[in-house]
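protein_16.cif follows; it contains mmCIF, C-alpha atoms and all ligand atoms.
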data_coords
loop_
_atom_site.group_PDB
_atom_site.id
_atom_site.type_symbol
_atom_site.label_atom_id
_atom_site.label_comp_id
_atom_site.auth_asym_id
_atom_site.auth_seq_id
_atom_site.Cartn_x
_atom_site.Cartn_y
_atom_site.Cartn_z
ATOM 1 C CA MET A 102 95.163 90.111 77.747
ATOM 2 C CA VAL A 103 91.426 90.611 78.062
ATOM 3 C CA LYS A 104 89.873 92.702 75.274
ATOM 4 C CA HIS A 105 87.908 95.085 77.412
ATOM 5 C CA LYS A 106 85.057 97.274 76.257
ATOM 6 C CA MET A 107 86.665 100.157 78.149
ATOM 7 C CA ARG A 108 89.635 100.263 75.781
ATOM 8 C CA GLY A 109 90.122 103.910 74.870
ATOM 9 C CA SER A 110 87.354 104.959 77.271
ATOM 10 C CA ASP A 111 87.110 107.033 80.403
ATOM 11 C CA PHE A 112 87.039 105.356 83.811
ATOM 12 C CA LEU A 113 84.960 107.764 85.864
ATOM 13 C CA SER A 114 83.218 105.245 88.112
ATOM 14 C CA LEU A 115 82.442 101.532 88.363
ATOM 15 C CA LYS A 116 78.832 102.093 87.353
ATOM 16 C CA PRO A 117 79.211 101.288 83.625
ATOM 17 C CA LEU A 118 81.173 98.051 84.190
ATOM 18 C CA ASP A 119 79.239 94.828 84.423
ATOM 19 C CA GLY A 120 80.217 92.146 86.906
ATOM 20 C CA SER A 121 82.127 89.988 84.431
ATOM 21 C CA GLU A 122 84.135 92.959 83.137
ATOM 22 C CA LEU A 123 85.053 93.924 86.669
ATOM 23 C CA GLU A 124 85.985 90.333 87.468
ATOM 24 C CA ASP A 125 88.164 90.090 84.317
ATOM 25 C CA LEU A 126 89.966 93.251 85.328
ATOM 26 C CA VAL A 127 90.625 92.091 88.878
ATOM 27 C CA GLU A 128 91.778 88.665 87.689
ATOM 28 C CA GLU A 129 94.089 90.308 85.188
ATOM 29 C CA ALA A 130 95.534 92.406 88.020
ATOM 30 C CA LEU A 131 96.136 89.211 90.002
ATOM 31 C CA ARG A 132 97.819 87.577 86.990
ATOM 32 C CA LEU A 133 100.034 90.605 86.348
ATOM 33 C CA LYS A 134 100.935 90.726 90.037
ATOM 34 C CA SER A 135 101.978 87.076 90.157
ATOM 35 C CA GLU A 136 103.596 86.810 86.719
ATOM 36 C CA GLY A 137 104.988 90.345 86.587
ATOM 37 C CA SER A 138 104.236 93.029 84.043
ATOM 38 C CA LYS A 139 107.672 93.015 82.383
ATOM 39 C CA GLY A 140 107.294 93.112 78.621
ATOM 40 C CA VAL A 141 103.907 94.834 78.853
ATOM 41 C CA ARG A 142 104.700 98.205 77.285
ATOM 42 C CA SER A 143 101.300 99.509 76.320
ATOM 43 C CA LEU A 144 102.237 103.099 77.204
ATOM 44 C CA SER A 145 105.503 103.146 75.294
ATOM 45 C CA GLY A 146 105.939 106.544 73.663
ATOM 46 C CA ARG A 147 102.819 107.884 75.405
ATOM 47 C CA SER A 148 102.329 110.515 78.093
ATOM 48 C CA VAL A 149 99.857 110.437 80.957
ATOM 49 C CA GLY A 150 99.015 113.475 83.098
ATOM 50 C CA LEU A 151 98.294 113.151 86.809
ATOM 51 C CA LEU A 152 96.161 116.141 87.827
ATOM 52 C CA PHE A 153 95.613 116.258 91.576
ATOM 53 C CA GLU A 154 93.420 118.904 93.220
ATOM 54 C CA LYS A 155 93.646 117.110 96.595
ATOM 55 C CA HIS A 156 96.446 115.455 98.557
ATOM 56 C CA SER A 157 97.573 111.919 97.747
ATOM 57 C CA THR A 158 100.351 109.493 98.583
ATOM 58 C CA ARG A 159 99.242 106.048 97.364
ATOM 59 C CA THR A 160 97.253 107.016 94.280
ATOM 60 C CA ARG A 161 99.782 109.472 92.946
ATOM 61 C CA VAL A 162 102.842 107.318 93.502
ATOM 62 C CA SER A 163 101.216 104.060 92.352
ATOM 63 C CA PHE A 164 99.970 105.689 89.137
ATOM 64 C CA GLU A 165 103.358 107.261 88.506
ATOM 65 C CA VAL A 166 105.104 103.911 88.958
ATOM 66 C CA ALA A 167 102.439 102.071 86.923
ATOM 67 C CA VAL A 168 102.791 104.433 83.949
ATOM 68 C CA ASN A 169 106.579 104.114 84.120
ATOM 69 C CA ARG A 170 106.410 100.320 84.253
ATOM 70 C CA LEU A 171 104.260 100.345 81.129
ATOM 71 C CA GLY A 172 106.866 102.445 79.323
ATOM 72 C CA GLY A 173 105.032 105.759 79.462
ATOM 73 C CA GLN A 174 105.968 109.225 80.627
ATOM 74 C CA VAL A 175 104.203 110.948 83.513
ATOM 75 C CA VAL A 176 103.422 114.647 83.842
ATOM 76 C CA VAL A 177 102.392 115.561 87.394
ATOM 77 C CA LEU A 178 100.104 118.571 87.733
ATOM 78 C CA SER A 179 98.201 120.248 90.543
ATOM 79 C CA SER A 180 95.706 123.102 90.497
ATOM 80 C CA GLY A 181 98.176 125.198 92.450
ATOM 81 C CA ASP A 182 100.894 125.085 89.822
ATOM 82 C CA THR A 183 98.720 125.336 86.707
ATOM 83 C CA GLN A 184 96.471 128.124 85.421
ATOM 84 C CA LEU A 185 93.555 126.254 87.012
ATOM 85 C CA GLY A 186 94.682 127.896 90.241
ATOM 86 C CA ARG A 187 94.238 131.317 88.586
ATOM 87 C CA GLY A 188 90.775 130.630 87.225
ATOM 88 C CA GLU A 189 91.259 128.949 83.824
ATOM 89 C CA THR A 190 88.225 126.727 83.390
ATOM 90 C CA ILE A 191 88.446 122.979 83.754
ATOM 91 C CA GLU A 192 87.028 122.620 80.203
ATOM 92 C CA ASP A 193 89.712 124.821 78.636
ATOM 93 C CA THR A 194 92.367 123.007 80.638
ATOM 94 C CA GLY A 195 91.022 119.649 79.399
ATOM 95 C CA ARG A 196 90.959 120.743 75.757
ATOM 96 C CA VAL A 197 94.561 121.903 75.915
ATOM 97 C CA LEU A 198 95.894 118.918 77.885
ATOM 98 C CA SER A 199 94.292 116.607 75.293
ATOM 99 C CA ARG A 200 96.623 118.107 72.662
ATOM 100 C CA TYR A 201 99.723 116.995 74.605
ATOM 101 C CA LEU A 202 98.741 113.925 76.567
ATOM 102 C CA ASP A 203 97.392 110.445 75.796
ATOM 103 C CA GLY A 204 95.526 110.049 79.103
ATOM 104 C CA LEU A 205 94.688 111.995 82.240
ATOM 105 C CA VAL A 206 94.335 110.712 85.804
ATOM 106 C CA VAL A 207 92.364 113.187 87.928
ATOM 107 C CA ARG A 208 91.674 113.644 91.653
ATOM 108 C CA THR A 209 89.157 116.364 92.288
ATOM 109 C CA PHE A 210 86.084 117.430 94.295
ATOM 110 C CA GLY A 211 82.679 117.000 92.637
ATOM 111 C CA GLN A 212 81.949 114.089 90.307
ATOM 112 C CA ASP A 213 80.317 116.716 88.078
ATOM 113 C CA ARG A 214 83.657 118.563 87.790
ATOM 114 C CA LEU A 215 85.332 115.330 86.687
ATOM 115 C CA GLU A 216 82.553 114.673 84.171
ATOM 116 C CA VAL A 217 82.800 118.186 82.704
ATOM 117 C CA LEU A 218 86.553 117.714 82.331
ATOM 118 C CA ALA A 219 86.155 114.281 80.719
ATOM 119 C CA GLU A 220 83.597 115.687 78.288
ATOM 120 C CA ALA A 221 86.043 118.405 77.222
ATOM 121 C CA CYS A 222 88.960 115.953 76.838
ATOM 122 C CA ASP A 223 89.577 113.863 73.709
ATOM 123 C CA ILE A 224 91.686 111.419 75.727
ATOM 124 C CA PRO A 225 90.734 108.808 78.362
ATOM 125 C CA VAL A 226 90.187 110.313 81.814
ATOM 126 C CA ILE A 227 90.580 108.156 84.936
ATOM 127 C CA ASN A 228 88.993 108.973 88.304
ATOM 128 C CA ALA A 229 91.663 109.029 91.011
ATOM 129 C CA LEU A 230 89.018 109.991 93.656
ATOM 130 C CA THR A 231 86.156 112.436 93.766
ATOM 131 C CA ASP A 232 83.866 113.356 96.645
ATOM 132 C CA GLN A 233 81.452 110.766 95.257
ATOM 133 C CA CYS A 234 83.596 107.732 94.465
ATOM 134 C CA HIS A 235 87.045 106.143 94.392
ATOM 135 C CA PRO A 236 86.851 103.394 91.774
ATOM 136 C CA CYS A 237 90.614 102.702 91.523
ATOM 137 C CA GLN A 238 90.635 102.028 95.266
ATOM 138 C CA ALA A 239 87.823 99.505 94.859
ATOM 139 C CA LEU A 240 89.763 97.666 92.129
ATOM 140 C CA ALA A 241 92.651 97.181 94.553
ATOM 141 C CA ASP A 242 90.199 96.200 97.305
ATOM 142 C CA MET A 243 88.649 93.489 95.135
ATOM 143 C CA LEU A 244 92.108 92.237 94.163
ATOM 144 C CA THR A 245 93.028 91.993 97.857
ATOM 145 C CA ILE A 246 89.842 90.099 98.717
ATOM 146 C CA LEU A 247 90.433 87.757 95.772
ATOM 147 C CA GLU A 248 93.954 87.042 97.026
ATOM 148 C CA TYR A 249 92.919 86.411 100.624
ATOM 149 C CA LYS A 250 89.600 84.658 100.094
ATOM 150 C CA GLY A 251 90.091 82.880 96.748
ATOM 151 C CA SER A 252 86.795 84.002 95.269
ATOM 152 C CA PRO A 253 84.708 87.119 95.873
ATOM 153 C CA ARG A 254 81.388 85.291 95.531
ATOM 154 C CA GLY A 255 79.494 85.019 98.813
ATOM 155 C CA VAL A 256 82.178 86.908 100.771
ATOM 156 C CA ARG A 257 80.589 88.790 103.668
ATOM 157 C CA LEU A 258 81.936 92.322 103.361
ATOM 158 C CA ALA A 259 81.080 94.747 106.172
ATOM 159 C CA TYR A 260 81.824 98.452 105.766
ATOM 160 C CA VAL A 261 81.671 100.476 108.991
ATOM 161 C CA GLY A 262 81.928 104.279 109.156
ATOM 162 C CA ASP A 263 81.136 107.212 106.902
ATOM 163 C CA GLY A 264 78.972 106.600 103.815
ATOM 164 C CA ASN A 265 81.576 108.291 101.635
ATOM 165 C CA ASN A 266 83.365 107.947 98.282
ATOM 166 C CA VAL A 267 85.234 104.784 99.331
ATOM 167 C CA CYS A 268 82.016 103.251 100.666
ATOM 168 C CA HIS A 269 80.194 104.005 97.393
ATOM 169 C CA SER A 270 82.802 102.330 95.196
ATOM 170 C CA LEU A 271 83.114 99.385 97.571
ATOM 171 C CA MET A 272 79.335 98.850 97.496
ATOM 172 C CA ARG A 273 79.332 98.985 93.716
ATOM 173 C CA ALA A 274 82.234 96.549 93.370
ATOM 174 C CA GLY A 275 81.028 94.144 96.058
ATOM 175 C CA THR A 276 77.492 93.916 94.692
ATOM 176 C CA LYS A 277 78.783 93.396 91.133
ATOM 177 C CA LEU A 278 80.936 90.479 92.301
ATOM 178 C CA GLY A 279 78.166 88.706 94.230
ATOM 179 C CA MET A 280 79.258 89.586 97.764
ATOM 180 C CA GLU A 281 77.037 89.906 100.826
ATOM 181 C CA VAL A 282 77.613 93.570 101.641
ATOM 182 C CA THR A 283 76.580 95.407 104.801
ATOM 183 C CA VAL A 284 77.111 99.115 105.421
ATOM 184 C CA SER A 285 76.846 100.582 108.942
ATOM 185 C CA THR A 286 76.976 104.356 109.288
ATOM 186 C CA PRO A 287 75.815 106.936 111.821
ATOM 187 C CA GLU A 288 72.415 108.439 111.094
ATOM 188 C CA GLY A 289 72.794 111.236 108.595
ATOM 189 C CA ARG A 290 76.019 109.772 107.160
ATOM 190 C CA GLU A 291 74.422 107.069 105.001
ATOM 191 C CA PRO A 292 75.658 106.432 101.456
ATOM 192 C CA LEU A 293 73.828 108.306 98.699
ATOM 193 C CA GLN A 294 70.366 106.877 98.126
ATOM 194 C CA GLU A 295 70.788 106.716 94.340
ATOM 195 C CA ILE A 296 73.929 104.596 94.722
ATOM 196 C CA VAL A 297 72.234 102.356 97.280
ATOM 197 C CA GLU A 298 69.392 101.812 94.788
ATOM 198 C CA GLU A 299 71.834 101.068 91.981
ATOM 199 C CA CYS A 300 73.607 98.524 94.201
ATOM 200 C CA VAL A 301 70.342 96.899 95.260
ATOM 201 C CA GLU A 302 69.685 96.391 91.531
ATOM 202 C CA ASN A 303 73.129 94.791 91.240
ATOM 203 C CA THR A 304 72.227 92.263 93.925
ATOM 204 C CA GLY A 305 69.310 91.084 91.773
ATOM 205 C CA ILE A 306 71.614 90.606 88.778
ATOM 206 C CA TYR A 307 74.712 89.172 90.473
ATOM 207 C CA SER A 308 73.158 87.232 93.390
ATOM 208 C CA GLY A 309 74.665 89.269 96.191
ATOM 209 C CA THR A 310 72.986 91.105 99.045
ATOM 210 C CA LEU A 311 73.140 94.636 100.441
ATOM 211 C CA ALA A 312 71.951 95.878 103.841
ATOM 212 C CA VAL A 313 72.455 99.472 105.004
ATOM 213 C CA GLY A 314 71.978 100.192 108.728
ATOM 214 C CA HIS A 315 73.239 101.958 111.818
ATOM 215 C CA ASP A 316 74.271 99.073 114.087
ATOM 216 C CA PRO A 317 77.978 98.144 113.733
ATOM 217 C CA PRO A 318 77.894 94.867 115.768
ATOM 218 C CA ALA A 319 74.950 93.644 113.657
ATOM 219 C CA GLY A 320 76.664 94.810 110.449
ATOM 220 C CA VAL A 321 79.899 92.928 111.148
ATOM 221 C CA THR A 322 78.319 89.708 112.486
ATOM 222 C CA ASP A 323 80.110 86.767 110.819
ATOM 223 C CA ALA A 324 81.838 89.144 108.395
ATOM 224 C CA ASP A 325 84.774 87.817 106.361
ATOM 225 C CA VAL A 326 85.997 91.358 105.724
ATOM 226 C CA VAL A 327 85.603 94.449 107.909
ATOM 227 C CA TYR A 328 86.421 97.694 106.098
ATOM 228 C CA THR A 329 86.595 101.246 107.380
ATOM 229 C CA ASP A 330 87.741 104.694 106.267
ATOM 230 C CA THR A 331 88.218 108.133 107.771
ATOM 231 C CA TRP A 332 85.264 109.836 109.463
ATOM 232 C CA SER A 333 86.124 113.071 107.712
ATOM 233 C CA SER A 334 87.159 113.067 104.060
ATOM 234 C CA MET A 335 89.302 115.563 102.169
ATOM 235 C CA GLY A 336 87.335 118.760 101.745
ATOM 236 C CA GLN A 337 85.555 118.225 105.096
ATOM 237 C CA GLU A 338 88.550 119.069 107.302
ATOM 238 C CA ASN A 339 86.685 121.709 109.287
ATOM 239 C CA ARG A 340 84.328 119.227 110.915
ATOM 240 C CA ASP A 341 84.276 119.505 114.703
ATOM 241 C CA GLU A 342 86.381 116.720 116.289
ATOM 242 C CA ASP A 343 84.133 116.346 119.360
ATOM 243 C CA ALA A 344 80.996 116.130 117.239
ATOM 244 C CA LEU A 345 82.700 113.549 115.033
ATOM 245 C CA ALA A 346 83.691 111.430 118.020
ATOM 246 C CA ALA A 347 80.152 111.685 119.403
ATOM 247 C CA SER A 348 78.451 110.483 116.243
ATOM 248 C CA PHE A 349 81.111 108.025 115.040
ATOM 249 C CA GLY A 350 82.451 106.630 118.342
ATOM 250 C CA ARG A 351 80.394 103.413 118.100
ATOM 251 C CA PHE A 352 81.718 102.912 114.589
ATOM 252 C CA GLN A 353 85.377 102.497 115.538
ATOM 253 C CA VAL A 354 86.899 99.246 114.279
ATOM 254 C CA ASN A 355 88.432 97.788 117.430
ATOM 255 C CA GLU A 356 88.883 94.344 119.000
ATOM 256 C CA GLU A 357 85.496 94.511 120.672
ATOM 257 C CA LEU A 358 83.719 95.095 117.364
ATOM 258 C CA LEU A 359 85.774 92.429 115.591
ATOM 259 C CA ALA A 360 84.671 89.855 118.182
ATOM 260 C CA HIS A 361 81.351 89.781 116.257
ATOM 261 C CA ALA A 362 83.072 88.959 112.958
ATOM 262 C CA SER A 363 84.223 85.608 111.582
ATOM 263 C CA ASP A 364 87.331 84.084 113.248
ATOM 264 C CA ASP A 365 89.425 84.584 110.117
ATOM 265 C CA VAL A 366 88.145 88.085 109.382
ATOM 266 C CA MET A 367 90.462 90.343 107.375
ATOM 267 C CA VAL A 368 90.525 94.052 108.136
ATOM 268 C CA MET A 369 90.798 96.615 105.360
ATOM 269 C CA HIS A 370 91.290 100.372 105.224
ATOM 270 C CA CYS A 371 92.077 102.414 102.115
ATOM 271 C CA LEU A 372 94.506 104.603 104.156
ATOM 272 C CA PRO A 373 95.481 107.140 105.292
ATOM 273 C CA ALA A 374 94.255 105.950 108.698
ATOM 274 C CA HIS A 375 93.426 108.201 111.622
ATOM 275 C CA ARG A 376 94.748 105.906 114.314
ATOM 276 C CA GLY A 377 92.601 105.969 117.433
ATOM 277 C CA GLN A 378 89.591 107.337 115.529
ATOM 278 C CA GLU A 379 88.026 104.986 112.950
ATOM 279 C CA ILE A 380 90.488 102.185 113.753
ATOM 280 C CA THR A 381 92.715 101.286 116.702
ATOM 281 C CA ASP A 382 96.485 100.732 116.449
ATOM 282 C CA GLU A 383 95.955 97.223 117.727
ATOM 283 C CA VAL A 384 93.677 96.314 114.812
ATOM 284 C CA LEU A 385 95.541 98.234 112.113
ATOM 285 C CA ASP A 386 98.870 96.672 113.123
ATOM 286 C CA GLY A 387 97.389 93.304 114.088
ATOM 287 C CA ASN A 388 97.676 90.016 112.215
ATOM 288 C CA ARG A 389 94.193 90.304 110.673
ATOM 289 C CA SER A 390 95.039 93.582 108.986
ATOM 290 C CA ALA A 391 95.440 93.401 105.193
ATOM 291 C CA VAL A 392 96.067 97.116 104.758
ATOM 292 C CA TRP A 393 99.674 96.982 103.526
ATOM 293 C CA ASP A 394 98.864 94.356 100.881
ATOM 294 C CA GLN A 395 95.814 96.419 100.012
ATOM 295 C CA ALA A 396 97.964 99.536 99.557
ATOM 296 C CA GLU A 397 100.457 97.591 97.408
ATOM 297 C CA ASN A 398 97.597 96.339 95.280
ATOM 298 C CA ARG A 399 96.794 99.862 94.145
ATOM 299 C CA LEU A 400 99.825 99.501 91.868
ATOM 300 C CA HIS A 401 98.871 96.110 90.425
ATOM 301 C CA ALA A 402 95.220 97.035 89.923
ATOM 302 C CA GLN A 403 96.150 100.253 88.141
ATOM 303 C CA ILE A 404 98.656 98.499 85.862
ATOM 304 C CA ALA A 405 95.783 96.221 84.809
ATOM 305 C CA LEU A 406 93.459 99.207 84.398
ATOM 306 C CA LEU A 407 95.965 101.141 82.261
ATOM 307 C CA GLU A 408 96.508 98.002 80.178
ATOM 308 C CA MET A 409 92.779 97.696 79.709
ATOM 309 C CA ILE A 410 92.404 101.301 78.574
ATOM 310 C CA PHE A 411 95.621 101.761 76.582
ATOM 311 C CA GLY A 412 96.709 98.216 75.653
HETATM 312 N N1 LIG A 501 93.858 105.377 99.447
HETATM 313 C C1 LIG A 501 94.247 106.490 98.793
HETATM 314 O O1 LIG A 501 93.668 106.902 97.789
HETATM 315 O O2 LIG A 501 95.355 107.075 99.334
HETATM 316 P P1 LIG A 501 95.986 108.483 98.894
HETATM 317 O O3 LIG A 501 95.029 109.548 99.312
HETATM 318 O O4 LIG A 501 97.288 108.529 99.616
HETATM 319 O O5 LIG A 501 96.153 108.477 97.396
HETATM 320 N N1 LIG A 502 87.393 109.123 102.040
HETATM 321 C C1 LIG A 502 88.756 109.591 101.989
HETATM 322 C C2 LIG A 502 89.589 108.656 101.178
HETATM 323 C C3 LIG A 502 91.037 109.028 101.075
HETATM 324 C C4 LIG A 502 91.808 108.095 100.230
HETATM 325 C C5 LIG A 502 88.792 111.002 101.424
HETATM 326 O O1 LIG A 502 88.083 111.277 100.451
HETATM 327 O O2 LIG A 502 89.529 111.831 101.952
#

What is this structure when it is put down as structure tokens?
Ligand code: CP
Ligand code: NVA
Amino acid sequence: MVKHKMRGSDFLSLKPLDGSELEDLVEEALRLKSEGSKGVRSLSGRSVGLLFEKHSTRTRVSFEVAVNRLGGQVVVLSSGDTQLGRGETIEDTGRVLSRYLDGLVVRTFGQDRLEVLAEACDIPVINALTDQCHPCQALADMLTILEYKGSPRGVRLAYVGDGNNVCHSLMRAGTKLGMEVTVSTPEGREPLQEIVEECVENTGIYSGTLAVGHDPPAGVTDADVVYTDTWSSMGQENRDEDALAASFGRFQVNEELLAHASDDVMVMHCLPAHRGQEITDEVLDGNRSAVWDQAENRLHAQIALLEMIFG
């Protein structure tokens, strides 16, 4: 098992990891997936809280199963059924949970809220999605690309859609692993400038590339991977459907768009998908879609992550 510098640390984003640490983690996930994680009991006798302030299927279930596989106990919490829902501060909640738990997996709104919580906690805190980033998703994404393409280096990864949390973590991961990343979004929906700048710096260090634009056919030209996500993330549910379709319509991942990509392109989506919006049924259910393997890989990537932090 890799001795990782993040042992005992928080995992709030991919920013602090360097490329080789990220690569070690993804390779370890691949090894644990192929060899099995039986006998790895790094959470034996330990308890991990799952605190979710937003909906989840994949993240919640895959973390619950991962903690169980590693011999630990899970405590599932939501703001609605804790005193958080009645106004107890996130700091006070963190201080108290640290007295019972050995780790806390958190899905919340602002990255600042997660950081305040992590600061108040004496135990490792793992980001299970914020408005800003979704680093556990990107671990599974890199594992999936490694499985399908053999090596991440030089892979042409094209993200099409909203410059959101999933896009931010994908850009960070791709540029740390030496990929050629393009991001195509509608005007006004670009990824955060500070994260773009950070990722441009990564390309200088890890020999990748990054181009951010507004032209999906150009963005996906010769792509090995085409990736999309919802046009409207959790917390933005009130966005007008017609306005969304008007600004995002050209950004749908469909057969016509994929005709610009490489012949053996793989299609990725973090799920849940909004069929007929950001992706067509034909593409999601087609033979180039990797989405079910990608969803499965959440489990394997998180087993490796938990091993890294608690092993
Ligand atoms: N991809 C993802 O995070 O899915 P859930 O919202 O179901 O956890
Ligand atoms: N961007 C989406 C991802 C869901 C897994 C959201 O934040 O709702």

For this session: Taking only C-alpha atoms and all ligand atoms into account, report as a PyMOL selection string which residues have an atom no farther than 6 Å from an atom of ligand LIG 501 (chain A).
Result: chain A and resi 157-161+371-373

Edge lengths and centre, in Å to one decimal, as JSON: that's what I need for the box along x, y and z that holds all listed atoms of ligand LIG 502 (chain A) plus 8 Å on each side.
{"center_x": 89.6, "center_y": 110.0, "center_z": 101.1, "size_x": 20.4, "size_y": 19.7, "size_z": 17.8}

For this session: Extract, using only C-alpha atoms, all DNA, RNA and protein residues at most 10 Å from Asp119 in chain A, discarding same-chain residues fewer than 3 positions from it, and format them as a ChimeraX atom specification.
Result: /A:115-116,122-124,274,277-278,303,306-307

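Atom pair CA of Cys234 in chain A / CA of Val267 in chain A: separated by 5.9 Å.
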
Cut-off 9 Å: closest chain A/ligand LIG 502 (chain A) atom pairs per residue, using all atoms listed in the file, as a tab-separated table:
residue	atom	partner	partner_atom	distance
A:Lys155	CA	A:LIG502	O2	8.6
A:His156	CA	A:LIG502	O2	8.5
A:Ser157	CA	A:LIG502	C4	7.4
A:Thr158	CA	A:LIG502	C4	8.8
A:Arg159	CA	A:LIG502	C4	8.2
A:Thr160	CA	A:LIG502	C4	8.1
A:Phe210	CA	A:LIG502	O1	8.9
A:Leu230	CA	A:LIG502	O1	7.0
A:Thr231	CA	A:LIG502	O1	7.1
A:Asp232	CA	A:LIG502	O1	6.0
A:Gln233	CA	A:LIG502	O1	8.4
A:Cys234	CA	A:LIG502	O1	8.3
A:His235	CA	A:LIG502	C2	7.7
A:Gln238	CA	A:LIG502	C4	7.9
A:Asp263	CA	A:LIG502	N1	8.2
A:Gly264	CA	A:LIG502	N1	9.0
A:Asn265	CA	A:LIG502	N1	5.9
A:Asn266	CA	A:LIG502	N1	5.6
A:Val267	CA	A:LIG502	N1	5.6
A:Cys268	CA	A:LIG502	N1	8.1
A:Asp330	CA	A:LIG502	N1	6.1
A:Thr331	CA	A:LIG502	N1	5.9
A:Trp332	CA	A:LIG502	N1	7.8
A:Ser333	CA	A:LIG502	O2	6.8
A:Ser334	CA	A:LIG502	O2	3.4
A:Met335	CA	A:LIG502	O2	3.7
A:Gly336	CA	A:LIG502	O2	7.3
A:Gln337	CA	A:LIG502	O2	8.2
A:Cys371	CA	A:LIG502	C4	6.0
A:Leu372	CA	A:LIG502	C4	5.9
A:Pro373	CA	A:LIG502	C4	6.3
A:Ala374	CA	A:LIG502	C3	8.8

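The gap separating CA of Ser270 in chain A from CA of Ile296 in chain A is 9.2 Å, in Å to one decimal.
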
For this session: Just say which residues the PyMOL selection byres (((chain A and resi 286-290) around 8) and not hetatm) picks in this file, as a PyMOL selection string.
Result: chain A and resi 261-265+284-285+291-292+313-317+348-349+352

Exercise. Residues picked by the PyMOL selection byres (((chain A and resi 126) around 9) and not hetatm) here, as an MDAnalysis selection string?
Worked result: chainID A and resid 103 105 121:125 127:131 240 402 405:406 409

For this session: Carefully work through the PyMOL selection byres (((chain A and resi 407) around 9) and not hetatm) for this structure and note down the residues it includes, as a PyMOL selection string.
Result: chain A and resi 143-144+167-168+171+402-406+408-412

Exercise. For Met369 in chain A, which of A:Thr209, A:Asn388, A:Thr190, A:Asn339 is the closest residue, counting only C-alpha atoms?
Worked result: A:Asn388
